[in-house]
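K.L.:
I'd like to ask some things about the structure below.
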Amino acid sequence: MAKKWTKKDLVQLFEILIERGAPVVTSPHFRGHLTRNENLFTNQVVRESNGNIAYRSVDFKIEEEMSDEAFWSRIEKTPYNDLIEENAAVALVKMAEKLKLIDK
């Protein structure tokens with residue numbers, strides 16, 4: 001019996017492919033075999049996979065004696081710094097909207 005893949009399974013697979021630099025996730029040849037909806041779904045899976053990889057890249061223990069400079073230096077050294085900053089900005093805007101500090 002064939003395994004039925006869940007979205008979580010696909011995200012984990014794409015995380016591995018992305019971390020290993022496999023070009024299949026953006027390959028026009030691969031994407032050309034997908035329907036519009038399958039491409040949109042693949043974009044969601046890639047986005048989620050990149051987010052998971054980005055957050056793992058900055059998952060480290062913060063020592064009490066760690067300076068602010070050392071902390072931010074470590075964050076800025078990750079190749080996913082732009083994605084982390086973008087996600088943080090989106091989260092801040094959503095929180096401000098929820099608290100009615102800004103209009104939607």
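Identifiers in this document derive from the order of the structure tokens: chains are assigned A, B, ..., residues are numbered from 1 separately in each chain, and ligands are numbered from 1 in order of occurrence.
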Hey, what's within 10 Å of Glu85 in chain A if we count only C-alpha atoms and toss same-chain stuff fewer than 5 positions away? As a count of residues only, please?
P.N.:
5
K.L.:
Among the residues of chain A, find those DSSP assigns to helix (DSSP H, G or I) from the backbone and print them as an MDAnalysis selection string.
P.N.:
chainID A and resid 7:19 23:25 28:31 36:57 68:76 81:98
K.L.:
Grab the CA of Ser57 in chain A to CA of Thr78 in chain A distance for me, in Å with one decimal place.
P.N.:
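Computing the Euclidean distance for CA of Ser57 in chain A and CA of Thr78 in chain A yields 6.4 Å.
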K.L.:
Just want the 9 Å neighbourhood of range 24-35 of chain A, counted on only C-alpha atoms, with same-chain residues fewer than 6 positions away dropped. Output as a ChimeraX atom specification.
P.N.:
/A:14,17-18,42,46
K.L.:
Those residues with N, CA, C and O atoms, as a PDB file, in the first residue's frame please?
P.N.:
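File result-v8.pdb, as written:
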ATOM      1  N   PHE A  14      10.961  18.863   2.101  1.00  0.00           N
ATOM      2  CA  PHE A  14      11.472  20.070   1.472  1.00  0.00           C
ATOM      3  C   PHE A  14      12.542  20.740   2.331  1.00  0.00           C
ATOM      4  O   PHE A  14      13.479  21.318   1.798  1.00  0.00           O
ATOM      5  N   LEU A  17      15.648  18.957   1.426  1.00  0.00           N
ATOM      6  CA  LEU A  17      16.089  19.338   0.082  1.00  0.00           C
ATOM      7  C   LEU A  17      16.677  20.743   0.062  1.00  0.00           C
ATOM      8  O   LEU A  17      17.727  20.978  -0.543  1.00  0.00           O
ATOM      9  N   ILE A  18      16.028  21.671   0.728  1.00  0.00           N
ATOM     10  CA  ILE A  18      16.498  23.061   0.757  1.00  0.00           C
ATOM     11  C   ILE A  18      17.836  23.157   1.471  1.00  0.00           C
ATOM     12  O   ILE A  18      18.764  23.812   0.994  1.00  0.00           O
ATOM     13  N   THR A  42       2.902  24.049  -3.496  1.00  0.00           N
ATOM     14  CA  THR A  42       4.353  23.882  -3.372  1.00  0.00           C
ATOM     15  C   THR A  42       4.984  25.155  -2.823  1.00  0.00           C
ATOM     16  O   THR A  42       5.879  25.097  -1.975  1.00  0.00           O
ATOM     17  N   VAL A  46       7.244  25.337   0.491  1.00  0.00           N
ATOM     18  CA  VAL A  46       8.588  25.922   0.466  1.00  0.00           C
ATOM     19  C   VAL A  46       8.694  27.050   1.479  1.00  0.00           C
ATOM     20  O   VAL A  46       9.674  27.141   2.229  1.00  0.00           O
TER      21      VAL A  46
END
K.L.:
One decimal, Å: what's the distance from CA of Ser49 in chain A over to CA of Leu13 in chain A, could you say?
P.N.:
8.7 Å
K.L.:
Work out how far CA of Leu99 in chain A is from CA of Asn50 in chain A, in Å to one decimal.
P.N.:
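Interatomic distance, CA of Asn50 in chain A to CA of Leu99 in chain A: 28.6 Å.
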